[in-house]
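Next up, start29.pdb (PDB, C-alpha atoms):
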ATOM      1  CA  MET A   1     -15.756  39.071  42.657
ATOM      2  CA  ALA A   2     -15.883  36.138  45.107
ATOM      3  CA  LYS A   3     -13.527  33.253  44.543
ATOM      4  CA  PHE A   4     -14.473  29.589  44.963
ATOM      5  CA  CYS A   5     -12.482  26.376  45.124
ATOM      6  CA  SER A   6     -12.638  24.683  41.735
ATOM      7  CA  ARG A   7     -12.868  21.258  43.429
ATOM      8  CA  CYS A   8     -15.185  21.596  46.444
ATOM      9  CA  GLY A   9     -16.885  24.993  45.772
ATOM     10  CA  LYS A  10     -15.850  26.532  49.105
ATOM     11  CA  PRO A  11     -15.833  30.392  49.084
ATOM     12  CA  LEU A  12     -12.265  31.722  49.367
ATOM     13  CA  ALA A  13     -10.907  35.089  50.480
ATOM     14  CA  GLU A  14      -8.378  36.936  48.314
ATOM     15  CA  GLY A  15      -5.095  34.992  48.331
ATOM     16  CA  GLU A  16      -6.564  32.077  50.336
ATOM     17  CA  SER A  17      -6.018  28.500  49.126
ATOM     18  CA  CYS A  18      -8.398  25.634  49.871
ATOM     19  CA  THR A  19      -7.254  22.737  52.046
ATOM     20  CA  CYS A  20      -9.714  20.157  50.699
ATOM     21  CA  ALA A  21      -8.535  16.648  49.755
ATOM     22  CA  GLY A  22      -8.457  17.553  46.082
ATOM     23  CA  ASN A  23      -5.761  20.158  46.759
ATOM     24  CA  ALA A  24      -3.735  18.047  49.170
ATOM     25  CA  PRO A  25      -0.045  17.812  48.302
ATOM     26  CA  VAL A  26       0.865  14.786  46.225
ATOM     27  CA  ILE A  27       3.731  12.639  47.438
ATOM     28  CA  ASN A  28       6.149  11.943  44.628
ATOM     29  CA  VAL A  29       6.980   8.249  44.944
ATOM     30  CA  ASP A  30      10.008   8.530  42.675
ATOM     31  CA  SER A  31      11.394  11.379  44.793
ATOM     32  CA  ALA A  32      10.856   9.341  47.961
ATOM     33  CA  LYS A  33      12.706   6.397  46.413
ATOM     34  CA  GLY A  34      15.523   8.717  45.366
ATOM     35  CA  ILE A  35      15.849  10.059  48.914
ATOM     36  CA  LEU A  36      15.941   6.497  50.296
ATOM     37  CA  GLU A  37      18.649   5.528  47.796
ATOM     38  CA  SER A  38      20.705   8.581  48.781
ATOM     39  CA  VAL A  39      20.408   7.697  52.472
ATOM     40  CA  LYS A  40      21.479   4.078  51.807
ATOM     41  CA  ASN A  41      24.442   5.209  49.716
ATOM     42  CA  HIS A  42      25.505   7.690  52.398
ATOM     43  CA  MET A  43      25.311   4.998  55.087
ATOM     44  CA  GLY A  44      27.259   2.545  52.929
ATOM     45  CA  ILE A  45      24.434  -0.002  52.592
ATOM     46  CA  GLY A  46      24.867  -2.032  49.413
ATOM     47  CA  ASP A  47      26.421  -0.810  46.166
ATOM     48  CA  PRO A  48      25.432   2.651  44.807
ATOM     49  CA  GLU A  49      25.035   1.307  41.278
ATOM     50  CA  LEU A  50      22.865  -1.614  42.396
ATOM     51  CA  ASN A  51      20.720   0.567  44.679
ATOM     52  CA  LYS A  52      19.244   2.313  41.631
ATOM     53  CA  GLY A  53      15.870   1.172  40.313
ATOM     54  CA  ASP A  54      13.503  -1.556  41.467
ATOM     55  CA  ALA A  55      15.211  -4.324  43.417
ATOM     56  CA  TYR A  56      12.677  -6.906  42.216
ATOM     57  CA  GLU A  57      12.766  -5.935  38.498
ATOM     58  CA  LYS A  58       8.972  -5.760  38.425
ATOM     59  CA  ASP A  59       7.291  -6.124  34.992
ATOM     60  CA  MET A  60      10.660  -6.651  33.289
ATOM     61  CA  GLN A  61      11.559  -9.476  30.908
ATOM     62  CA  ILE A  62      14.693 -11.374  31.941
ATOM     63  CA  VAL A  63      15.876 -11.397  28.314
ATOM     64  CA  PRO A  64      16.591  -8.788  27.029
ATOM     65  CA  GLU A  65      15.837  -6.245  29.819
ATOM     66  CA  CYS A  66      17.745  -7.820  32.715
ATOM     67  CA  ILE A  67      20.417  -9.912  30.978
ATOM     68  CA  SER A  68      21.847  -9.811  27.460
ATOM     69  CA  ALA A  69      20.370 -11.956  24.703
ATOM     70  CA  ASN A  70      22.427 -14.443  22.710
ATOM     71  CA  GLU A  71      22.698 -14.105  18.948
ATOM     72  CA  GLY A  72      19.274 -14.882  17.494
ATOM     73  CA  GLU A  73      17.720 -15.516  20.921
ATOM     74  CA  VAL A  74      13.952 -15.014  21.105
ATOM     75  CA  PRO A  75      11.991 -14.840  24.418
ATOM     76  CA  VAL A  76       9.096 -17.307  24.399
ATOM     77  CA  LYS A  77       7.363 -17.188  27.797
ATOM     78  CA  GLN A  78       8.018 -15.904  31.305
ATOM     79  CA  TYR A  79       6.440 -16.801  34.652
ATOM     80  CA  GLU A  80       6.400 -15.298  38.154
ATOM     81  CA  VAL A  81       7.077 -18.532  40.003
ATOM     82  CA  ALA A  82       8.202 -17.889  43.587
ATOM     83  CA  THR A  83       8.862 -15.550  46.468
ATOM     84  CA  LEU A  84      12.022 -16.542  48.299
ATOM     85  CA  GLN A  85      12.793 -15.335  51.800
ATOM     86  CA  ASN A  86      14.780 -15.834  54.975
ATOM     87  CA  ARG A  87      13.301 -14.760  58.309
ATOM     88  CA  ILE A  88      14.323 -14.162  61.921
ATOM     89  CA  LEU A  89      11.479 -14.364  64.479
ATOM     90  CA  GLY A  90       8.999 -14.202  61.614
ATOM     91  CA  ILE A  91      10.490 -10.982  60.176
ATOM     92  CA  PRO A  92      11.986 -11.289  56.650
ATOM     93  CA  TYR A  93      15.571 -10.012  56.437
ATOM     94  CA  ALA A  94      16.172 -11.260  52.874
ATOM     95  CA  LYS A  95      13.578 -11.483  50.118
ATOM     96  CA  ALA A  96      13.637 -12.128  46.367
ATOM     97  CA  LYS A  97      11.114 -12.529  43.545
ATOM     98  CA  GLY A  98      11.798 -15.536  41.311
ATOM     99  CA  LYS A  99      10.956 -15.535  37.571
ATOM    100  CA  MET A 100      11.325 -18.346  35.057
ATOM    101  CA  GLN A 101      11.815 -17.537  31.371
ATOM    102  CA  VAL A 102      12.013 -19.855  28.390
ATOM    103  CA  THR A 103      13.698 -18.648  25.204
ATOM    104  CA  ASN A 104      14.504 -20.559  22.038
ATOM    105  CA  LYS A 105      18.043 -21.109  23.393
ATOM    106  CA  ARG A 106      17.885 -21.128  27.218
ATOM    107  CA  VAL A 107      15.751 -21.704  30.282
ATOM    108  CA  ILE A 108      16.554 -19.033  32.864
ATOM    109  CA  PHE A 109      15.545 -18.671  36.502
ATOM    110  CA  ARG A 110      16.343 -15.262  37.970
ATOM    111  CA  ALA A 111      15.488 -14.034  41.474
ATOM    112  CA  PRO A 112      16.490 -10.427  42.181
ATOM    113  CA  GLY A 113      15.883  -9.162  45.688
ATOM    114  CA  ARG A 114      17.209  -7.356  48.706
ATOM    115  CA  CYS A 115      18.389  -8.032  52.231
ATOM    116  CA  LEU A 116      19.409  -5.768  55.097
ATOM    117  CA  ALA A 117      22.909  -5.403  53.648
ATOM    118  CA  GLY A 118      21.843  -4.548  50.074
ATOM    119  CA  ARG A 119      20.637  -6.010  46.761
ATOM    120  CA  THR A 120      20.847  -9.733  45.972
ATOM    121  CA  THR A 121      20.683 -11.779  42.764
ATOM    122  CA  LEU A 122      20.137 -15.501  42.215
ATOM    123  CA  GLN A 123      20.317 -16.840  38.668
ATOM    124  CA  HIS A 124      20.270 -20.308  37.085
ATOM    125  CA  GLU A 125      20.308 -20.875  33.328
ATOM    126  CA  PHE A 126      20.842 -23.817  31.009
ATOM    127  CA  ALA A 127      20.865 -24.530  27.280
ATOM    128  CA  ILE A 128      17.415 -25.710  26.228
ATOM    129  CA  ASP A 129      18.784 -28.499  23.970
ATOM    130  CA  GLU A 130      20.279 -30.259  27.013
ATOM    131  CA  LEU A 131      17.084 -30.384  29.092
ATOM    132  CA  ALA A 132      14.916 -33.459  29.380
ATOM    133  CA  GLY A 133      12.475 -33.370  32.310
ATOM    134  CA  VAL A 134      10.868 -31.498  35.194
ATOM    135  CA  GLU A 135      10.339 -32.389  38.856
ATOM    136  CA  ALA A 136       7.692 -30.173  40.445
ATOM    137  CA  ARG A 137       5.862 -30.044  43.767
ATOM    138  CA  ARG A 138       3.506 -27.371  45.040
ATOM    139  CA  GLU A 139       2.717 -28.343  48.601
ATOM    140  CA  TYR A 140       2.327 -27.293  52.233
ATOM    141  CA  VAL A 141       4.953 -28.015  54.878
ATOM    142  CA  PHE A 142       5.073 -27.701  58.669
ATOM    143  CA  ASN A 143       7.299 -24.890  59.989
ATOM    144  CA  PHE A 144       8.277 -25.402  63.622
ATOM    145  CA  GLY A 145       9.626 -21.847  63.917
ATOM    146  CA  ASP A 146       6.249 -20.372  62.967
ATOM    147  CA  LEU A 147       4.572 -22.592  65.566
ATOM    148  CA  LEU A 148       6.867 -21.161  68.273
ATOM    149  CA  ILE A 149       6.184 -17.605  67.099
ATOM    150  CA  GLY A 150       2.428 -18.274  67.233
ATOM    151  CA  ILE A 151       2.700 -19.682  70.773
ATOM    152  CA  LEU A 152       4.746 -16.643  71.824
ATOM    153  CA  ALA A 153       2.169 -14.257  70.332
ATOM    154  CA  SER A 154      -0.704 -16.008  72.118
ATOM    155  CA  ALA A 155       1.211 -15.921  75.405
ATOM    156  CA  VAL A 156       1.823 -12.183  75.026
ATOM    157  CA  GLY A 157      -1.871 -11.570  74.266
ATOM    158  CA  GLY A 158      -2.939 -13.640  77.263
ATOM    159  CA  ALA A 159      -0.494 -11.924  79.632
ATOM    160  CA  VAL A 160      -1.564  -8.427  78.540
ATOM    161  CA  ILE A 161      -5.327  -9.066  78.897
ATOM    162  CA  THR A 162      -4.882 -10.898  82.215
ATOM    163  CA  TRP A 163      -2.851  -7.978  83.582
ATOM    164  CA  LEU A 164      -5.469  -5.521  82.300
ATOM    165  CA  ILE A 165      -8.335  -7.350  84.045
ATOM    166  CA  ASN A 166      -6.300  -7.568  87.251
ATOM    167  CA  ALA A 167      -5.530  -3.846  87.122
ATOM    168  CA  LEU A 168      -9.099  -2.755  86.356
ATOM    169  CA  PHE A 169     -11.289  -5.115  88.383
ATOM    170  CA  MET A 170      -9.341  -7.098  90.950
ATOM    171  CA  GLY A 171      -9.351  -5.452  94.382
ATOM    172  CA  LYS A 172      -8.286  -6.579  97.827
ATOM    173  CA  ASN A 173     -11.784  -7.862  98.573
ATOM    174  CA  MET A 174     -12.768 -10.681  96.177
ATOM    175  CA  ASN A 175     -16.414 -10.289  97.165
ATOM    176  CA  ASP A 176     -16.411  -6.709  95.838
ATOM    177  CA  SER A 177     -14.413  -7.592  92.729
ATOM    178  CA  ILE A 178     -16.336 -10.621  91.518
ATOM    179  CA  ALA A 179     -18.902  -8.785  89.352
ATOM    180  CA  GLY A 180     -16.276  -6.658  87.599
ATOM    181  CA  VAL A 181     -13.999  -9.638  87.003
ATOM    182  CA  VAL A 182     -16.838 -11.694  85.504
ATOM    183  CA  ILE A 183     -18.118  -8.912  83.232
ATOM    184  CA  GLY A 184     -14.654  -7.745  82.150
ATOM    185  CA  THR A 185     -13.370 -11.265  81.476
ATOM    186  CA  LEU A 186     -16.448 -12.300  79.504
ATOM    187  CA  LEU A 187     -16.424  -9.122  77.386
ATOM    188  CA  LEU A 188     -12.694  -9.221  76.626
ATOM    189  CA  GLY A 189     -12.706 -12.995  76.218
ATOM    190  CA  ILE A 190     -15.502 -12.944  73.655
ATOM    191  CA  ALA A 191     -13.951  -9.923  71.894
ATOM    192  CA  GLY A 192     -10.695 -11.855  71.495
ATOM    193  CA  CYS A 193     -12.541 -14.584  69.570
ATOM    194  CA  VAL A 194     -14.096 -12.165  67.063
ATOM    195  CA  PRO A 195     -10.977 -11.826  64.814
ATOM    196  CA  PHE A 196     -10.953 -15.620  64.373
ATOM    197  CA  VAL A 197     -14.226 -15.318  62.457
ATOM    198  CA  MET A 198     -13.942 -11.833  60.962
ATOM    199  CA  LEU A 199     -10.361 -11.694  59.677
ATOM    200  CA  LYS A 200      -9.284 -13.416  56.471
ATOM    201  CA  LYS A 201      -5.992 -15.241  57.100
ATOM    202  CA  LYS A 202      -3.895 -13.061  59.495
ATOM    203  CA  TRP A 203      -3.313 -16.178  61.591
ATOM    204  CA  LEU A 204      -0.648 -14.626  63.809
ATOM    205  CA  LEU A 205      -2.969 -11.751  64.742
ATOM    206  CA  LYS A 206      -5.718 -14.283  65.449
ATOM    207  CA  ALA A 207      -3.351 -16.210  67.736
ATOM    208  CA  LEU A 208      -2.506 -12.993  69.605
ATOM    209  CA  CYS A 209      -6.198 -12.181  70.164
ATOM    210  CA  LEU A 210      -7.190 -15.745  71.061
ATOM    211  CA  GLY A 211      -4.379 -15.890  73.595
ATOM    212  CA  GLY A 212      -6.023 -12.831  75.150
ATOM    213  CA  SER A 213      -9.203 -14.901  75.443
ATOM    214  CA  VAL A 214      -7.917 -18.288  76.587
ATOM    215  CA  MET A 215      -5.642 -17.268  79.451
ATOM    216  CA  PRO A 216      -8.003 -14.889  81.332
ATOM    217  CA  LEU A 217     -11.134 -16.978  80.705
ATOM    218  CA  MET A 218      -9.562 -20.150  82.073
ATOM    219  CA  SER A 219      -7.591 -18.596  84.926
ATOM    220  CA  PHE A 220     -10.296 -16.213  86.169
ATOM    221  CA  GLY A 221     -12.979 -18.819  85.450
ATOM    222  CA  SER A 222     -11.253 -21.222  87.836
ATOM    223  CA  THR A 223     -10.781 -18.481  90.446
ATOM    224  CA  VAL A 224     -14.400 -17.302  90.280
ATOM    225  CA  SER A 225     -15.721 -20.871  90.345
ATOM    226  CA  GLN A 226     -13.674 -21.759  93.442
ATOM    227  CA  PHE A 227     -14.742 -18.543  95.164
ATOM    228  CA  GLY A 228     -18.417 -19.317  94.492
ATOM    229  CA  LYS A 229     -17.993 -22.852  95.790
ATOM    230  CA  TYR A 230     -16.322 -21.915  99.086
ATOM    231  CA  ALA A 231     -18.342 -18.727  99.669
ATOM    232  CA  ASP A 232     -21.599 -20.561  98.939
ATOM    233  CA  LYS A 233     -22.403 -18.240  96.029
ATOM    234  CA  GLY A 234     -24.118 -20.254  93.318
ATOM    235  CA  GLY A 235     -24.105 -17.377  90.832
ATOM    236  CA  ALA A 236     -20.337 -16.981  91.036
ATOM    237  CA  GLU A 237     -19.845 -20.729  90.649
ATOM    238  CA  PHE A 238     -22.104 -20.755  87.568
ATOM    239  CA  PHE A 239     -20.307 -17.826  85.905
ATOM    240  CA  GLY A 240     -16.941 -19.336  86.767
ATOM    241  CA  GLY A 241     -17.976 -22.573  85.039
ATOM    242  CA  LEU A 242     -19.271 -20.597  82.043
ATOM    243  CA  MET A 243     -15.959 -18.720  81.755
ATOM    244  CA  SER A 244     -13.984 -21.974  81.915
ATOM    245  CA  PHE A 245     -16.204 -23.531  79.244
ATOM    246  CA  LEU A 246     -15.768 -20.524  76.935
ATOM    247  CA  GLY A 247     -12.035 -20.651  77.641
ATOM    248  CA  PHE A 248     -11.962 -24.283  76.500
ATOM    249  CA  ILE A 249     -13.758 -23.351  73.261
ATOM    250  CA  ALA A 250     -11.287 -20.495  72.712
ATOM    251  CA  LEU A 251      -8.423 -22.938  73.378
ATOM    252  CA  LEU A 252      -9.650 -25.234  70.595
ATOM    253  CA  MET A 253      -9.835 -22.219  68.272
ATOM    254  CA  LEU A 254      -6.297 -21.219  69.295
ATOM    255  CA  LEU A 255      -4.888 -24.706  68.650
ATOM    256  CA  PHE A 256      -6.474 -24.720  65.193
ATOM    257  CA  THR A 257      -5.059 -21.240  64.502
ATOM    258  CA  LEU A 258      -1.540 -22.235  65.606
ATOM    259  CA  PHE A 259      -1.664 -25.323  63.409
ATOM    260  CA  ILE A 260      -2.783 -23.379  60.324
ATOM    261  CA  HIS A 261      -0.202 -20.640  61.015
ATOM    262  CA  ALA A 262       2.575 -23.246  61.098
ATOM    263  CA  ILE A 263       1.576 -24.817  57.758
ATOM    264  CA  LYS A 264       3.296 -22.877  54.974
ATOM    265  CA  PRO A 265       3.122 -23.140  51.159
ATOM    266  CA  ASN A 266       6.243 -24.575  49.539
ATOM    267  CA  LEU A 267       7.488 -24.921  45.954
ATOM    268  CA  VAL A 268       9.944 -27.419  44.484
ATOM    269  CA  LEU A 269      10.711 -26.968  40.789
ATOM    270  CA  VAL A 270      13.732 -28.804  39.368
ATOM    271  CA  ILE A 271      14.533 -28.945  35.645
ATOM    272  CA  LYS A 272      16.761 -31.883  34.772
ATOM    273  CA  THR A 273      19.252 -32.520  32.001
ATOM    274  CA  LYS A 274      19.306 -35.539  29.686
ATOM    275  CA  SER A 275      21.800 -37.130  32.059
ATOM    276  CA  ALA A 276      19.241 -36.748  34.917
ATOM    277  CA  SER A 277      21.343 -34.162  36.799
ATOM    278  CA  ASP A 278      19.737 -30.948  38.124
ATOM    279  CA  ALA A 279      20.146 -28.026  35.714
ATOM    280  CA  ILE A 280      17.852 -25.509  37.442
ATOM    281  CA  ASP A 281      17.201 -26.247  41.112
ATOM    282  CA  ILE A 282      14.477 -24.219  42.854
ATOM    283  CA  ARG A 283      13.750 -25.527  46.329
ATOM    284  CA  PRO A 284      14.206 -24.337  49.928
ATOM    285  CA  LYS A 285      17.531 -24.507  51.661
ATOM    286  CA  LYS A 286      17.565 -27.550  53.917
ATOM    287  CA  VAL A 287      19.194 -26.886  57.281
ATOM    288  CA  VAL A 288      20.374 -30.048  59.033
ATOM    289  CA  PRO A 289      20.880 -29.555  62.805
ATOM    290  CA  PHE A 290      23.594 -31.017  65.033
ATOM    291  CA  GLY A 291      26.463 -30.757  62.595
ATOM    292  CA  GLY A 292      24.783 -32.356  59.570
ATOM    293  CA  LYS A 293      25.533 -31.109  56.075
ATOM    294  CA  ASP A 294      23.117 -28.425  54.843
ATOM    295  CA  GLU A 295      21.652 -28.588  51.336
ATOM    296  CA  ASP A 296      21.908 -25.056  49.960
ATOM    297  CA  HIS A 297      19.808 -25.168  46.742
ATOM    298  CA  THR A 298      18.541 -21.553  46.398
ATOM    299  CA  GLY A 299      20.061 -20.371  49.692
ATOM    300  CA  TYR A 300      16.611 -19.333  50.946
ATOM    301  CA  VAL A 301      14.800 -21.224  53.691
ATOM    302  CA  GLU A 302      11.359 -20.429  52.253
ATOM    303  CA  VAL A 303      10.313 -20.774  48.602
ATOM    304  CA  ILE A 304       6.669 -19.688  48.364
ATOM    305  CA  PRO A 305       4.689 -20.290  45.150
ATOM    306  CA  ALA A 306       3.824 -17.088  43.261
ATOM    307  CA  ALA A 307       0.917 -16.269  40.932
ATOM    308  CA  ASP A 308       2.188 -18.190  37.898
ATOM    309  CA  ALA A 309       3.654 -21.198  39.725
ATOM    310  CA  GLU A 310       0.871 -23.641  38.861
ATOM    311  CA  ARG A 311       0.762 -22.528  35.220
ATOM    312  CA  CYS A 312       4.543 -22.884  34.968
ATOM    313  CA  ILE A 313       4.377 -26.424  36.373
ATOM    314  CA  ARG A 314       1.706 -27.366  33.817
ATOM    315  CA  GLU A 315       3.372 -25.805  30.784
ATOM    316  CA  ILE A 316       7.149 -25.616  31.032
ATOM    317  CA  ASN A 317       8.005 -29.192  30.084
ATOM    318  CA  ALA A 318       5.665 -28.979  27.074
ATOM    319  CA  ILE A 319       7.267 -25.688  25.984
ATOM    320  CA  ILE A 320      10.794 -27.134  26.229
ATOM    321  CA  SER A 321       9.764 -30.257  24.319
ATOM    322  CA  ASP A 322       7.964 -28.292  21.573
ATOM    323  CA  ILE A 323      10.906 -25.941  21.037
ATOM    324  CA  GLN A 324      13.338 -28.868  20.892
ATOM    325  CA  LYS A 325      11.217 -30.772  18.366
ATOM    326  CA  LEU A 326       9.363 -28.098  16.397
ATOM    327  CA  GLY A 327      11.774 -25.154  16.370
ATOM    328  CA  ASP A 328      10.151 -21.912  15.156
ATOM    329  CA  PHE A 329       6.660 -23.467  15.141
ATOM    330  CA  GLY A 330       7.092 -24.326  18.827
ATOM    331  CA  ILE A 331       8.135 -20.723  19.511
ATOM    332  CA  SER A 332       5.033 -19.239  17.822
ATOM    333  CA  LYS A 333       2.787 -21.736  19.606
ATOM    334  CA  TRP A 334       3.866 -20.646  23.102
ATOM    335  CA  GLN A 335       5.144 -17.084  22.676
ATOM    336  CA  ASN A 336       3.600 -14.458  24.995
TER     337      ASN A 336
END

Would you write out, as structure tokens, the structure that this file holds?
Amino acid sequence: MAKFCSRCGKPLAEGESCTCAGNAPVINVDSAKGILESVKNHMGIGDPELNKGDAYEKDMQIVPECISANEGEVPVKQYEVATLQNRILGIPYAKAKGKMQVTNKRVIFRAPGRCLAGRTTLQHEFAIDELAGVEARREYVFNFGDLLIGILASAVGGAVITWLINALFMGKNMNDSIAGVVIGTLLLGIAGCVPFVMLKKKWLLKALCLGGSVMPLMSFGSTVSQFGKYADKGGAEFFGGLMSFLGFIALLMLLFTLFIHAIKPNLVLVIKTKSASDAIDIRPKKVVPFGGKDEDHTGYVEVIPAADAERCIREINAIISDIQKLGDFGISKWQN
């Protein structure tokens, strides 16, 4: 009796197995994580005990799953407030996920994470009876390092496309090369502007592509225009002017892209004591150049607002005040 695949219905010979997508081998994520942990332990990266489990403690309550509860301590509400990271040339080498939890006894900020050397933990906590106010800012700040990275990416894109046009179309005789240069530059130049419209965010990729438009359009546009002028070729002069004009438009798009890429979200959330000192201090590390004294704060250069940041800003002072004044009624009012 003929055999058929139970998923796709393909006829199968005796002993044959189907290779359809439904029978594709399933990758065991837990096994893959276990292999990675074994490799890290063998190489001596981090601590074997800390390498177990999820570095970011995803979907876990700070109290009681991550740290021990005090006698009679009841969790009230928890927020995902920030992603903290340090980067080199735009590549994160240390990253943590910051959570804020309010209990009937404490306010706790905990940010577990990882860096190249292993797991990291940042934790601030303070007795809720001693807290009196909140300073909060969710804003956008200019990052000079990201501006330089964007400029570098656009320069690389421009250099690659310019070299490609030179290699494909530019010959010894400019008269023979002019048509290929014009067509190739216009096609690649316009193509480099498409991601600016089509992609959502991805500003660095947009800068790379726009750099591949601006540099060849403006450089070859000038060359073609000058050739048309001196060789008395009106068509070449017209297309050279068109290429330069399109290059100017692409340049405006690139400048806008670089500016947006360099503007980064930033979170400042400071919970103060009754004496106006900082009990829980969540803000970026401030690096002062030329021998000035750095302000460490969280130890991370970037503190990016997470999904619950705005809700935490709106609610946390009210929760603290209600628990201080209303006790158990305040707990039931705000409890998750």

For this session: Specify as a list in words each residue included when the PyMOL selection byres ((chain A and resi 75) around 7) is applied to this file.
Result: Val63, Glu73, Val74, Val76, Lys77, Val102, Thr103 and Asn104 of chain A

For this session: Using all atoms listed in the file, find the one residue out of A:Leu152, A:Leu84, A:Val301, A:Val182 that sits nearest to Asn166 of chain A.
Result: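 Closest residue, counting all atoms listed in the file: A:Val182.
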
Polymer residues at most 10 Å from (-0.5, -21.8, 58.9) by all atoms listed in the file, as a compact mmCIF listing (two decimals) with C-alpha atoms, in the coordinates of the input:
# COMPACT_ATOMS: atom_id res chain seq x y z
CA TYR A 140 2.33 -27.29 52.23
CA VAL A 141 4.95 -28.02 54.88
CA PHE A 142 5.07 -27.70 58.67
CA ASN A 143 7.30 -24.89 59.99
CA ASP A 146 6.25 -20.37 62.97
CA LEU A 147 4.57 -22.59 65.57
CA GLY A 150 2.43 -18.27 67.23
CA LYS A 201 -5.99 -15.24 57.10
CA LYS A 202 -3.90 -13.06 59.50
CA TRP A 203 -3.31 -16.18 61.59
CA LEU A 204 -0.65 -14.63 63.81
CA PHE A 256 -6.47 -24.72 65.19
CA THR A 257 -5.06 -21.24 64.50
CA LEU A 258 -1.54 -22.24 65.61
CA PHE A 259 -1.66 -25.32 63.41
CA ILE A 260 -2.78 -23.38 60.32
CA HIS A 261 -0.20 -20.64 61.02
CA ALA A 262 2.58 -23.25 61.10
CA ILE A 263 1.58 -24.82 57.76
CA LYS A 264 3.30 -22.88 54.97
CA PRO A 265 3.12 -23.14 51.16

Problem set entry | Output of the PyMOL selection byres ((chain A and resi 55) around 9), listed as a list in words |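 So the PyMOL selection byres ((chain A and resi 55) around 9) ends up selecting Leu50, Asn51, Lys52, Gly53, Asp54, Tyr56, Glu57, Lys58, Ala96, Pro112, Gly113, Arg114, Arg119 and Thr120 of chain A.
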
Take the residues that were just selected and, keeping C-alpha atoms, output them as a PDB file, in the coordinates of the input.
ATOM      1  CA  LEU A  50      22.865  -1.614  42.396  1.00  0.00           C
ATOM      2  CA  ASN A  51      20.720   0.567  44.679  1.00  0.00           C
ATOM      3  CA  LYS A  52      19.244   2.313  41.631  1.00  0.00           C
ATOM      4  CA  GLY A  53      15.870   1.172  40.313  1.00  0.00           C
ATOM      5  CA  ASP A  54      13.503  -1.556  41.467  1.00  0.00           C
ATOM      6  CA  TYR A  56      12.677  -6.906  42.216  1.00  0.00           C
ATOM      7  CA  GLU A  57      12.766  -5.935  38.498  1.00  0.00           C
ATOM      8  CA  LYS A  58       8.972  -5.760  38.425  1.00  0.00           C
ATOM      9  CA  ALA A  96      13.637 -12.128  46.367  1.00  0.00           C
ATOM     10  CA  PRO A 112      16.490 -10.427  42.181  1.00  0.00           C
ATOM     11  CA  GLY A 113      15.883  -9.162  45.688  1.00  0.00           C
ATOM     12  CA  ARG A 114      17.209  -7.356  48.706  1.00  0.00           C
ATOM     13  CA  ARG A 119      20.637  -6.010  46.761  1.00  0.00           C
ATOM     14  CA  THR A 120      20.847  -9.733  45.972  1.00  0.00           C
TER      15      THR A 120
END

For this session: Starting from the displayed file, determine the output of the PyMOL selection byres ((chain A and resi 304) around 8) and express the residue list as a list in words.
Result: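 After applying the PyMOL selection byres ((chain A and resi 304) around 8), what remains is Ala82, Thr83, Leu84, Pro265, Asn266, Leu267, Glu302, Val303, Pro305 and Ala306 of chain A.
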
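Compared by their closest atoms to Phe144 of chain A, and using all atoms listed in the file, the residues A:Met198, A:Ala309, A:Leu89, A:Ile319 rank with A:Leu89 nearest.
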
For this session: Find the distance between atom CA of Asn317 of chain A and atom CA of Asp59 of chain A and write it in Å to one decimal.
Result: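 Atom CA of Asn317 of chain A sits 23.6 Å away from atom CA of Asp59 of chain A.
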
Exercise. So how far away is atom CA of Leu210 of chain A from atom CA of Ser154 of chain A, in Å?
Worked result: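 We find that atom CA of Ser154 of chain A and atom CA of Leu210 of chain A lie 6.6 Å from each other.
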
Problem set entry | Between atom CA of Leu254 of chain A and atom CA of Arg138 of chain A, distance in Å (one decimal) | 26.9 Å

Exercise. Restricting the calculation to only C-alpha atoms, which member of A:Gln226, A:Ser219, A:Gln123, A:Gln78 is positioned closest to Ile316 of chain A?
Worked result: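 When distances to Ile316 of chain A are compared using only C-alpha atoms, the smallest one comes from A:Gln78.
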
For this session: Find the residues near Phe248 of chain A: any atom within 10 Å, counting all atoms listed in the file, skip ones fewer than 2 places away on the same chain, and give them as a list in words.
Result: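 Here the answer would be Ser213, Val214, Met215, Leu217, Met218, Leu242, Met243, Ser244, Phe245, Leu246, Ala250, Leu251, Leu252, Met253 and Leu254 of chain A.
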
For the selection you just gave me, I'd like the residues written to a file as a PDB file, in the frame of the given file, keeping C-alpha atoms.
ATOM      1  CA  SER A 213      -9.203 -14.901  75.443  1.00  0.00           C
ATOM      2  CA  VAL A 214      -7.917 -18.288  76.587  1.00  0.00           C
ATOM      3  CA  MET A 215      -5.642 -17.268  79.451  1.00  0.00           C
ATOM      4  CA  LEU A 217     -11.134 -16.978  80.705  1.00  0.00           C
ATOM      5  CA  MET A 218      -9.562 -20.150  82.073  1.00  0.00           C
ATOM      6  CA  LEU A 242     -19.271 -20.597  82.043  1.00  0.00           C
ATOM      7  CA  MET A 243     -15.959 -18.720  81.755  1.00  0.00           C
ATOM      8  CA  SER A 244     -13.984 -21.974  81.915  1.00  0.00           C
ATOM      9  CA  PHE A 245     -16.204 -23.531  79.244  1.00  0.00           C
ATOM     10  CA  LEU A 246     -15.768 -20.524  76.935  1.00  0.00           C
ATOM     11  CA  ALA A 250     -11.287 -20.495  72.712  1.00  0.00           C
ATOM     12  CA  LEU A 251      -8.423 -22.938  73.378  1.00  0.00           C
ATOM     13  CA  LEU A 252      -9.650 -25.234  70.595  1.00  0.00           C
ATOM     14  CA  MET A 253      -9.835 -22.219  68.272  1.00  0.00           C
ATOM     15  CA  LEU A 254      -6.297 -21.219  69.295  1.00  0.00           C
TER      16      LEU A 254
END

Box for segment 112-118 of chain A - axis-aligned, 8 Å on each of the six sides, all listed atoms - centre and size in Å to one decimal, as JSON.
{"center_x": 19.4, "center_y": -7.5, "center_z": 48.6, "size_x": 23.0, "size_y": 21.9, "size_z": 28.9}

For this session: May I have the protein, DNA and RNA residues with an atom at most 7 Å from (19.1, -27.9, 34.8), counting only C-alpha atoms in the file's coordinates, returned as a PyMOL selection string?
Result: chain A and resi 126+131+271-273+277-281
